[in-house]
Structures are given as structure tokens and as C-alpha cells.
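The data block below is final-v2.cif; it holds mmCIF, N, CA and C atoms and all ligand atoms.
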```cif
data_data
loop_
_atom_site.group_PDB
_atom_site.id
_atom_site.type_symbol
_atom_site.label_atom_id
_atom_site.label_comp_id
_atom_site.auth_asym_id
_atom_site.auth_seq_id
_atom_site.Cartn_x
_atom_site.Cartn_y
_atom_site.Cartn_z
ATOM 1 N N MET A 1 0.838 -1.204 0.000
ATOM 2 C CA MET A 1 0.000 0.000 0.000
ATOM 3 C C MET A 1 0.873 1.254 0.000
ATOM 4 N N ASP A 2 0.458 2.226 -0.742
ATOM 5 C CA ASP A 2 1.139 3.511 -0.784
ATOM 6 C C ASP A 2 1.183 4.115 0.627
ATOM 7 N N THR A 3 2.388 4.463 1.084
ATOM 8 C CA THR A 3 2.502 4.996 2.449
ATOM 9 C C THR A 3 1.810 6.341 2.593
ATOM 10 N N GLU A 4 1.528 6.996 1.461
ATOM 11 C CA GLU A 4 0.848 8.287 1.515
ATOM 12 C C GLU A 4 -0.643 8.126 1.814
ATOM 13 N N VAL A 5 -1.178 6.915 1.564
ATOM 14 C CA VAL A 5 -2.622 6.709 1.681
ATOM 15 C C VAL A 5 -3.152 6.937 3.100
ATOM 16 N N PRO A 6 -2.525 6.306 4.141
ATOM 17 C CA PRO A 6 -3.049 6.560 5.491
ATOM 18 C C PRO A 6 -2.987 8.036 5.869
ATOM 19 N N ALA A 7 -1.938 8.729 5.468
ATOM 20 C CA ALA A 7 -1.813 10.145 5.795
ATOM 21 C C ALA A 7 -2.915 10.946 5.105
ATOM 22 N N LEU A 8 -3.198 10.626 3.857
ATOM 23 C CA LEU A 8 -4.267 11.327 3.136
ATOM 24 C C LEU A 8 -5.632 11.019 3.749
ATOM 25 N N PHE A 9 -5.854 9.763 4.128
ATOM 26 C CA PHE A 9 -7.098 9.370 4.787
ATOM 27 C C PHE A 9 -7.291 10.184 6.064
ATOM 28 N N ASP A 10 -6.256 10.202 6.919
ATOM 29 C CA ASP A 10 -6.364 10.919 8.192
ATOM 30 C C ASP A 10 -6.577 12.406 7.969
ATOM 31 N N GLU A 11 -5.874 12.976 6.989
ATOM 32 C CA GLU A 11 -5.986 14.407 6.737
ATOM 33 C C GLU A 11 -7.372 14.759 6.187
ATOM 34 N N ALA A 12 -7.904 13.916 5.309
ATOM 35 C CA ALA A 12 -9.247 14.166 4.775
ATOM 36 C C ALA A 12 -10.280 14.112 5.897
ATOM 37 N N ALA A 13 -10.161 13.119 6.778
ATOM 38 C CA ALA A 13 -11.099 13.002 7.902
ATOM 39 C C ALA A 13 -10.961 14.202 8.839
ATOM 40 N N ARG A 14 -9.725 14.604 9.110
ATOM 41 C CA ARG A 14 -9.492 15.735 10.011
ATOM 42 C C ARG A 14 -10.087 17.012 9.432
ATOM 43 N N GLN A 15 -9.870 17.232 8.139
ATOM 44 C CA GLN A 15 -10.386 18.451 7.518
ATOM 45 C C GLN A 15 -11.909 18.456 7.458
ATOM 46 N N ALA A 16 -12.530 17.284 7.289
ATOM 47 C CA ALA A 16 -14.000 17.217 7.270
ATOM 48 C C ALA A 16 -14.562 17.625 8.626
ATOM 49 N N VAL A 17 -13.951 17.135 9.706
ATOM 50 C CA VAL A 17 -14.409 17.491 11.056
ATOM 51 C C VAL A 17 -14.175 18.984 11.306
ATOM 52 N N GLU A 18 -13.021 19.479 10.859
ATOM 53 C CA GLU A 18 -12.713 20.893 11.038
ATOM 54 C C GLU A 18 -13.717 21.776 10.286
ATOM 55 N N LEU A 19 -14.061 21.357 9.067
ATOM 56 C CA LEU A 19 -15.053 22.100 8.283
ATOM 57 C C LEU A 19 -16.395 22.148 9.030
ATOM 58 N N ALA A 20 -16.815 21.011 9.566
ATOM 59 C CA ALA A 20 -18.080 20.957 10.290
ATOM 60 C C ALA A 20 -18.033 21.842 11.534
ATOM 61 N N ASN A 21 -16.926 21.797 12.263
ATOM 62 C CA ASN A 21 -16.795 22.632 13.464
ATOM 63 C C ASN A 21 -16.811 24.115 13.108
ATOM 64 N N ASN A 22 -16.095 24.487 12.055
ATOM 65 C CA ASN A 22 -16.081 25.883 11.622
ATOM 66 C C ASN A 22 -17.475 26.323 11.185
ATOM 67 N N PHE A 23 -18.174 25.450 10.497
ATOM 68 C CA PHE A 23 -19.524 25.756 10.031
ATOM 69 C C PHE A 23 -20.458 25.958 11.226
ATOM 70 N N ALA A 24 -20.324 25.087 12.220
ATOM 71 C CA ALA A 24 -21.154 25.202 13.430
ATOM 72 C C ALA A 24 -20.830 26.492 14.182
ATOM 73 N N ASP A 25 -19.536 26.857 14.245
ATOM 74 C CA ASP A 25 -19.137 28.104 14.915
ATOM 75 C C ASP A 25 -19.714 29.314 14.196
ATOM 76 N N ALA A 26 -19.759 29.246 12.860
ATOM 77 C CA ALA A 26 -20.239 30.374 12.065
ATOM 78 C C ALA A 26 -21.761 30.488 12.104
ATOM 79 N N HIS A 27 -22.437 29.420 12.507
ATOM 80 C CA HIS A 27 -23.903 29.408 12.565
ATOM 81 C C HIS A 27 -24.360 28.900 13.930
ATOM 82 N N PRO A 28 -24.079 29.694 14.982
ATOM 83 C CA PRO A 28 -24.373 29.220 16.338
ATOM 84 C C PRO A 28 -25.862 28.977 16.578
ATOM 85 N N GLU A 29 -26.720 29.595 15.726
ATOM 86 C CA GLU A 29 -28.160 29.414 15.891
ATOM 87 C C GLU A 29 -28.634 28.106 15.256
ATOM 88 N N ALA A 30 -27.766 27.499 14.467
ATOM 89 C CA ALA A 30 -28.172 26.311 13.702
ATOM 90 C C ALA A 30 -28.257 25.074 14.593
ATOM 91 N N ASP A 31 -29.076 24.124 14.159
ATOM 92 C CA ASP A 31 -29.144 22.812 14.807
ATOM 93 C C ASP A 31 -27.960 21.992 14.307
ATOM 94 N N ILE A 32 -27.118 21.536 15.222
ATOM 95 C CA ILE A 32 -25.906 20.797 14.830
ATOM 96 C C ILE A 32 -26.265 19.506 14.084
ATOM 97 N N TRP A 33 -27.451 18.979 14.340
ATOM 98 C CA TRP A 33 -27.893 17.781 13.614
ATOM 99 C C TRP A 33 -28.039 18.102 12.131
ATOM 100 N N ASP A 34 -28.567 19.291 11.808
ATOM 101 C CA ASP A 34 -28.727 19.673 10.402
ATOM 102 C C ASP A 34 -27.368 19.794 9.719
ATOM 103 N N ILE A 35 -26.410 20.387 10.434
ATOM 104 C CA ILE A 35 -25.066 20.531 9.879
ATOM 105 C C ILE A 35 -24.445 19.154 9.648
ATOM 106 N N ALA A 36 -24.574 18.279 10.628
ATOM 107 C CA ALA A 36 -24.003 16.930 10.512
ATOM 108 C C ALA A 36 -24.660 16.156 9.369
ATOM 109 N N ASP A 37 -25.982 16.284 9.236
ATOM 110 C CA ASP A 37 -26.672 15.577 8.148
ATOM 111 C C ASP A 37 -26.215 16.095 6.791
ATOM 112 N N GLY A 38 -26.025 17.403 6.687
ATOM 113 C CA GLY A 38 -25.540 17.980 5.436
ATOM 114 C C GLY A 38 -24.130 17.517 5.114
ATOM 115 N N MET A 39 -23.280 17.453 6.146
ATOM 116 C CA MET A 39 -21.919 16.963 5.946
ATOM 117 C C MET A 39 -21.943 15.510 5.471
ATOM 118 N N LEU A 40 -22.806 14.698 6.091
ATOM 119 C CA LEU A 40 -22.912 13.286 5.711
ATOM 120 C C LEU A 40 -23.420 13.143 4.277
ATOM 121 N N ALA A 41 -24.412 13.941 3.918
ATOM 122 C CA ALA A 41 -24.950 13.897 2.554
ATOM 123 C C ALA A 41 -23.850 14.223 1.543
ATOM 124 N N GLY A 42 -23.058 15.234 1.850
ATOM 125 C CA GLY A 42 -21.964 15.600 0.954
ATOM 126 C C GLY A 42 -20.903 14.515 0.879
ATOM 127 N N ALA A 43 -20.594 13.914 2.026
ATOM 128 C CA ALA A 43 -19.586 12.851 2.056
ATOM 129 C C ALA A 43 -20.062 11.638 1.260
ATOM 130 N N VAL A 44 -21.330 11.261 1.429
ATOM 131 C CA VAL A 44 -21.884 10.119 0.688
ATOM 132 C C VAL A 44 -21.858 10.415 -0.813
ATOM 133 N N HIS A 45 -22.253 11.627 -1.175
ATOM 134 C CA HIS A 45 -22.249 12.033 -2.575
ATOM 135 C C HIS A 45 -20.846 11.882 -3.173
ATOM 136 N N PHE A 46 -19.842 12.377 -2.465
ATOM 137 C CA PHE A 46 -18.473 12.310 -2.980
ATOM 138 C C PHE A 46 -17.981 10.867 -3.033
ATOM 139 N N TRP A 47 -18.361 10.081 -2.019
ATOM 140 C CA TRP A 47 -17.940 8.672 -1.989
ATOM 141 C C TRP A 47 -18.518 7.926 -3.190
ATOM 142 N N LEU A 48 -19.811 8.147 -3.465
ATOM 143 C CA LEU A 48 -20.443 7.491 -4.622
ATOM 144 C C LEU A 48 -19.802 7.958 -5.927
ATOM 145 N N TYR A 49 -19.509 9.240 -6.005
ATOM 146 C CA TYR A 49 -18.816 9.782 -7.177
ATOM 147 C C TYR A 49 -17.495 9.050 -7.404
ATOM 148 N N SER A 50 -16.771 8.775 -6.296
ATOM 149 C CA SER A 50 -15.443 8.156 -6.404
ATOM 150 C C SER A 50 -15.509 6.680 -6.786
ATOM 151 N N ARG A 51 -16.669 6.042 -6.592
ATOM 152 C CA ARG A 51 -16.782 4.601 -6.799
ATOM 153 C C ARG A 51 -17.511 4.236 -8.096
ATOM 154 N N GLN A 52 -17.572 5.139 -9.050
ATOM 155 C CA GLN A 52 -18.176 4.815 -10.337
ATOM 156 C C GLN A 52 -17.303 3.790 -11.048
ATOM 157 N N PRO A 53 -17.885 2.647 -11.438
ATOM 158 C CA PRO A 53 -17.068 1.640 -12.126
ATOM 159 C C PRO A 53 -16.578 2.162 -13.478
ATOM 160 N N CYS A 54 -15.425 1.632 -13.896
ATOM 161 C CA CYS A 54 -14.905 2.013 -15.208
ATOM 162 C C CYS A 54 -15.750 1.355 -16.310
ATOM 163 N N ASP A 55 -15.406 1.569 -17.563
ATOM 164 C CA ASP A 55 -16.272 1.087 -18.655
ATOM 165 C C ASP A 55 -15.980 -0.349 -19.076
ATOM 166 N N ASP A 56 -15.093 -1.041 -18.308
ATOM 167 C CA ASP A 56 -14.844 -2.462 -18.581
ATOM 168 C C ASP A 56 -15.747 -3.308 -17.679
ATOM 169 N N PRO A 57 -16.788 -3.963 -18.264
ATOM 170 C CA PRO A 57 -17.740 -4.721 -17.434
ATOM 171 C C PRO A 57 -17.101 -5.904 -16.711
ATOM 172 N N MET A 58 -15.916 -6.360 -17.166
ATOM 173 C CA MET A 58 -15.243 -7.496 -16.534
ATOM 174 C C MET A 58 -14.132 -7.053 -15.575
ATOM 175 N N CYS A 59 -14.033 -5.778 -15.311
ATOM 176 C CA CYS A 59 -12.944 -5.248 -14.479
ATOM 177 C C CYS A 59 -13.031 -5.821 -13.061
ATOM 178 N N GLU A 60 -11.957 -6.457 -12.597
ATOM 179 C CA GLU A 60 -11.948 -7.060 -11.264
ATOM 180 C C GLU A 60 -11.889 -6.004 -10.170
ATOM 181 N N ASP A 61 -11.166 -4.922 -10.427
ATOM 182 C CA ASP A 61 -11.066 -3.859 -9.421
ATOM 183 C C ASP A 61 -12.438 -3.261 -9.115
ATOM 184 N N CYS A 62 -13.249 -3.114 -10.146
ATOM 185 C CA CYS A 62 -14.542 -2.457 -9.986
ATOM 186 C C CYS A 62 -15.669 -3.426 -9.615
ATOM 187 N N ALA A 63 -15.393 -4.736 -9.650
ATOM 188 C CA ALA A 63 -16.441 -5.723 -9.378
ATOM 189 C C ALA A 63 -17.174 -5.477 -8.053
ATOM 190 N N PRO A 64 -16.450 -5.134 -6.956
ATOM 191 C CA PRO A 64 -17.151 -4.942 -5.672
ATOM 192 C C PRO A 64 -18.076 -3.722 -5.647
ATOM 193 N N VAL A 65 -17.953 -2.855 -6.650
ATOM 194 C CA VAL A 65 -18.789 -1.640 -6.680
ATOM 195 C C VAL A 65 -19.495 -1.501 -8.031
ATOM 196 N N SER A 66 -19.781 -2.646 -8.667
ATOM 197 C CA SER A 66 -20.272 -2.609 -10.041
ATOM 198 C C SER A 66 -21.775 -2.375 -10.172
ATOM 199 N N THR A 67 -22.515 -2.334 -9.043
ATOM 200 C CA THR A 67 -23.939 -1.985 -9.082
ATOM 201 C C THR A 67 -24.246 -1.041 -7.929
ATOM 202 N N ALA A 68 -25.387 -0.352 -8.027
ATOM 203 C CA ALA A 68 -25.795 0.558 -6.956
ATOM 204 C C ALA A 68 -25.934 -0.198 -5.635
ATOM 205 N N GLU A 69 -26.489 -1.414 -5.697
ATOM 206 C CA GLU A 69 -26.688 -2.196 -4.475
ATOM 207 C C GLU A 69 -25.348 -2.577 -3.842
ATOM 208 N N LEU A 70 -24.374 -2.990 -4.693
ATOM 209 C CA LEU A 70 -23.051 -3.345 -4.173
ATOM 210 C C LEU A 70 -22.367 -2.129 -3.559
ATOM 211 N N ARG A 71 -22.523 -0.969 -4.218
ATOM 212 C CA ARG A 71 -21.910 0.244 -3.667
ATOM 213 C C ARG A 71 -22.537 0.591 -2.318
ATOM 214 N N GLN A 72 -23.865 0.444 -2.215
ATOM 215 C CA GLN A 72 -24.507 0.776 -0.949
ATOM 216 C C GLN A 72 -24.076 -0.202 0.149
ATOM 217 N N THR A 73 -23.906 -1.476 -0.193
ATOM 218 C CA THR A 73 -23.419 -2.452 0.783
ATOM 219 C C THR A 73 -22.019 -2.071 1.268
ATOM 220 N N ALA A 74 -21.143 -1.717 0.328
ATOM 221 C CA ALA A 74 -19.778 -1.315 0.688
ATOM 222 C C ALA A 74 -19.802 -0.057 1.559
ATOM 223 N N LEU A 75 -20.682 0.880 1.209
ATOM 224 C CA LEU A 75 -20.791 2.124 1.973
ATOM 225 C C LEU A 75 -21.269 1.847 3.396
ATOM 226 N N LYS A 76 -22.262 0.980 3.543
ATOM 227 C CA LYS A 76 -22.774 0.638 4.877
ATOM 228 C C LYS A 76 -21.696 -0.029 5.727
ATOM 229 N N GLN A 77 -20.876 -0.874 5.100
ATOM 230 C CA GLN A 77 -19.787 -1.518 5.848
ATOM 231 C C GLN A 77 -18.797 -0.482 6.361
ATOM 232 N N LEU A 78 -18.478 0.501 5.525
ATOM 233 C CA LEU A 78 -17.550 1.551 5.957
ATOM 234 C C LEU A 78 -18.162 2.402 7.064
ATOM 235 N N ILE A 79 -19.445 2.746 6.920
ATOM 236 C CA ILE A 79 -20.108 3.547 7.953
ATOM 237 C C ILE A 79 -20.095 2.808 9.282
ATOM 238 N N ARG A 80 -20.375 1.499 9.238
ATOM 239 C CA ARG A 80 -20.343 0.706 10.466
ATOM 240 C C ARG A 80 -18.942 0.706 11.074
ATOM 241 N N GLN A 81 -17.930 0.492 10.232
ATOM 242 C CA GLN A 81 -16.543 0.463 10.723
ATOM 243 C C GLN A 81 -16.136 1.808 11.326
ATOM 244 N N PHE A 82 -16.408 2.896 10.603
ATOM 245 C CA PHE A 82 -16.001 4.213 11.094
ATOM 246 C C PHE A 82 -16.774 4.582 12.365
ATOM 247 N N SER A 83 -18.044 4.176 12.444
ATOM 248 C CA SER A 83 -18.838 4.434 13.646
ATOM 249 C C SER A 83 -18.210 3.754 14.850
ATOM 250 N N GLU A 84 -17.885 2.462 14.662
ATOM 251 C CA GLU A 84 -17.360 1.684 15.795
ATOM 252 C C GLU A 84 -15.971 2.145 16.205
ATOM 253 N N GLU A 85 -15.231 2.760 15.266
ATOM 254 C CA GLU A 85 -13.894 3.269 15.584
ATOM 255 C C GLU A 85 -13.937 4.656 16.209
ATOM 256 N N SER A 86 -15.101 5.300 16.160
ATOM 257 C CA SER A 86 -15.208 6.674 16.653
ATOM 258 C C SER A 86 -15.201 6.734 18.183
ATOM 259 N N ASP A 87 -14.574 7.784 18.722
ATOM 260 C CA ASP A 87 -14.605 8.017 20.171
ATOM 261 C C ASP A 87 -16.029 8.267 20.658
ATOM 262 N N TYR A 88 -16.912 8.628 19.757
ATOM 263 C CA TYR A 88 -18.290 8.968 20.141
ATOM 264 C C TYR A 88 -19.257 7.822 19.874
ATOM 265 N N TYR A 89 -18.714 6.631 19.597
ATOM 266 C CA TYR A 89 -19.602 5.491 19.327
ATOM 267 C C TYR A 89 -20.473 5.201 20.543
ATOM 268 N N HIS A 90 -19.845 5.053 21.702
ATOM 269 C CA HIS A 90 -20.589 4.957 22.960
ATOM 270 C C HIS A 90 -20.475 6.311 23.657
ATOM 271 N N THR A 91 -21.539 6.733 24.348
ATOM 272 C CA THR A 91 -21.448 7.966 25.133
ATOM 273 C C THR A 91 -21.929 7.675 26.549
ATOM 274 N N PRO A 92 -21.481 8.479 27.512
ATOM 275 C CA PRO A 92 -21.898 8.265 28.906
ATOM 276 C C PRO A 92 -23.403 8.458 29.092
ATOM 277 N N THR A 93 -24.042 9.168 28.141
ATOM 278 C CA THR A 93 -25.475 9.437 28.262
ATOM 279 C C THR A 93 -26.325 8.481 27.430
ATOM 280 N N ASP A 94 -25.713 7.436 26.880
ATOM 281 C CA ASP A 94 -26.503 6.411 26.183
ATOM 282 C C ASP A 94 -27.548 5.836 27.133
ATOM 283 N N SER A 95 -28.734 5.561 26.596
ATOM 284 C CA SER A 95 -29.814 5.061 27.455
ATOM 285 C C SER A 95 -29.501 3.685 28.033
ATOM 286 N N ASN A 96 -28.553 2.985 27.392
ATOM 287 C CA ASN A 96 -28.178 1.663 27.900
ATOM 288 C C ASN A 96 -26.825 1.676 28.610
ATOM 289 N N ALA A 97 -26.309 2.900 28.920
ATOM 290 C CA ALA A 97 -25.027 2.990 29.629
ATOM 291 C C ALA A 97 -25.183 2.438 31.042
ATOM 292 N N ALA A 98 -24.155 1.719 31.477
ATOM 293 C CA ALA A 98 -24.208 1.123 32.830
ATOM 294 C C ALA A 98 -23.996 2.201 33.888
ATOM 295 N N TRP A 99 -24.700 2.050 35.026
ATOM 296 C CA TRP A 99 -24.487 2.982 36.128
ATOM 297 C C TRP A 99 -23.240 2.616 36.886
ATOM 298 N N ALA A 100 -22.419 3.621 37.239
ATOM 299 C CA ALA A 100 -21.168 3.353 37.972
ATOM 300 C C ALA A 100 -21.471 3.098 39.458
HETATM 301 ZN ZN ZN B 201 -12.619 -0.927 -13.355
#
```

Can you dump the structure from the file as C-alpha cells?
Ligand SMILES: [Zn+2]
Amino acid sequence: MDTEVPALFDEAARQAVELANNFADAHPEADIWDIADGMLAGAVHFWLYSRQPCDDPMCEDCAPVSTAELRQTALKQLIRQFSEESDYYHTPTDSNAAWA
């Protein structure tokens, strides 16, 4: 794997969070849920844009993303992975959080 890839991944994620924070700071009256949903919509849009299969129907690289359903499955797997890796996956105020 290209050693630049993890650095680019981390930097893209960092800049996305920074953009959202700056946007929230600039619109203190806004509902942060609306900002987050808009950020997610944009991220999904860009992700789908990036996963358009090439024009070779037998391409092995594109096989995992060769239909809308396959792309959505791949996207859901990534969302699940990134969610579980997030510091905010569990919160102390979760309704199922254990009492200390
Ligand atoms: Zn391809």
C-alpha cells in the first residue's frame, strides 16, 4: 500500500471534522444535527462519485462496486466500521449505559 494513503485518509477526515466545526461556529443558531446531516450527505455524494465503475464490465477492481446495491453495501460496511472506531460510538449518556 502507498505509504501516503493513510496520511491522506487521516488528513481528509481531520479536515471534514474541522469544516463541520467551523460551520457550526459560524452558525451558532443552527441545529448541529442539520449541519451533521448535510456533511454526511456531501460525504456520501463524494464517496459514490469516487466509486463509479470504469467502462470495462469485466474489471476485477470495480467488481465490488459494479452496481448501486453493491456500492450501498460497501458504503454501509464503511459507515459501520467508522462508527465503531469513533470516540463517540458509545457515550456516557446512552440510554443503555451502565451505572457506575
Ligand atoms: Zn474498473

- Message: Just to confirm, what's the straight-line distance from atom C of Met39 in chain A to atom N of Arg14 in chain A in Å (one decimal)?
- Response: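 Computed distance, atom C of Met39 in chain A to atom N of Arg14 in chain A, equals 12.8 Å.
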
- Expressed in Å to a single decimal, how great is the separation between CA of Asp87 in chain A and atom C of Val44 in chain A?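 For CA of Asp87 in chain A relative to atom C of Val44 in chain A, the distance reads 22.3 Å.
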
- Message: Evaluate the PyMOL selection byres (((not hetatm)) within 7 of (chain B and resi 201)) against this structure - the residues, as a list in words, please.
- Response: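 So the PyMOL selection byres (((not hetatm)) within 7 of (chain B and resi 201)), applied here, picks out Pro53, Cys54, Asp55, Asp56, Met58, Cys59, Glu60, Asp61, Cys62 and Ala63 of chain A.
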
Restricted to N, CA and C atoms, what would the selected residues look like written as a JSON list (two decimals), keeping the file's coordinate frame?
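As a result, again.json now contains:
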```json
[["chain", "number", "residue", "atom", "x", "y", "z"],
["A", 53, "PRO", "N", -17.89, 2.65, -11.44],
["A", 53, "PRO", "CA", -17.07, 1.64, -12.13],
["A", 53, "PRO", "C", -16.58, 2.16, -13.48],
["A", 54, "CYS", "N", -15.42, 1.63, -13.90],
["A", 54, "CYS", "CA", -14.90, 2.01, -15.21],
["A", 54, "CYS", "C", -15.75, 1.36, -16.31],
["A", 55, "ASP", "N", -15.41, 1.57, -17.56],
["A", 55, "ASP", "CA", -16.27, 1.09, -18.66],
["A", 55, "ASP", "C", -15.98, -0.35, -19.08],
["A", 56, "ASP", "N", -15.09, -1.04, -18.31],
["A", 56, "ASP", "CA", -14.84, -2.46, -18.58],
["A", 56, "ASP", "C", -15.75, -3.31, -17.68],
["A", 58, "MET", "N", -15.92, -6.36, -17.17],
["A", 58, "MET", "CA", -15.24, -7.50, -16.53],
["A", 58, "MET", "C", -14.13, -7.05, -15.58],
["A", 59, "CYS", "N", -14.03, -5.78, -15.31],
["A", 59, "CYS", "CA", -12.94, -5.25, -14.48],
["A", 59, "CYS", "C", -13.03, -5.82, -13.06],
["A", 60, "GLU", "N", -11.96, -6.46, -12.60],
["A", 60, "GLU", "CA", -11.95, -7.06, -11.26],
["A", 60, "GLU", "C", -11.89, -6.00, -10.17],
["A", 61, "ASP", "N", -11.17, -4.92, -10.43],
["A", 61, "ASP", "CA", -11.07, -3.86, -9.42],
["A", 61, "ASP", "C", -12.44, -3.26, -9.12],
["A", 62, "CYS", "N", -13.25, -3.11, -10.15],
["A", 62, "CYS", "CA", -14.54, -2.46, -9.99],
["A", 62, "CYS", "C", -15.67, -3.43, -9.62],
["A", 63, "ALA", "N", -15.39, -4.74, -9.65],
["A", 63, "ALA", "CA", -16.44, -5.72, -9.38],
["A", 63, "ALA", "C", -17.17, -5.48, -8.05]]
```

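For the pair atom C of Ala30 in chain A and CA of Gly42 in chain A, the separation is 17.8 Å.
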
- Would you list, as a VMD selection string, the residues of range 15-81 of chain A that end up in helix (DSSP H, G or I) under DSSP run on this structure's backbone? chain A and resid 15 to 26 32 to 50 63 to 65 68 to 81

The centre and edge lengths of an axis-aligned box containing all atoms of range 45-62 of chain A present in the file, extended by 4 Å on each side, are to be given in Å to one decimal, as AutoDock Vina command-line options.
```
--center_x -16.7 --center_y 2.4 --center_z -10.1 --size_x 19.2 --size_y 27.9 --size_z 25.9
```
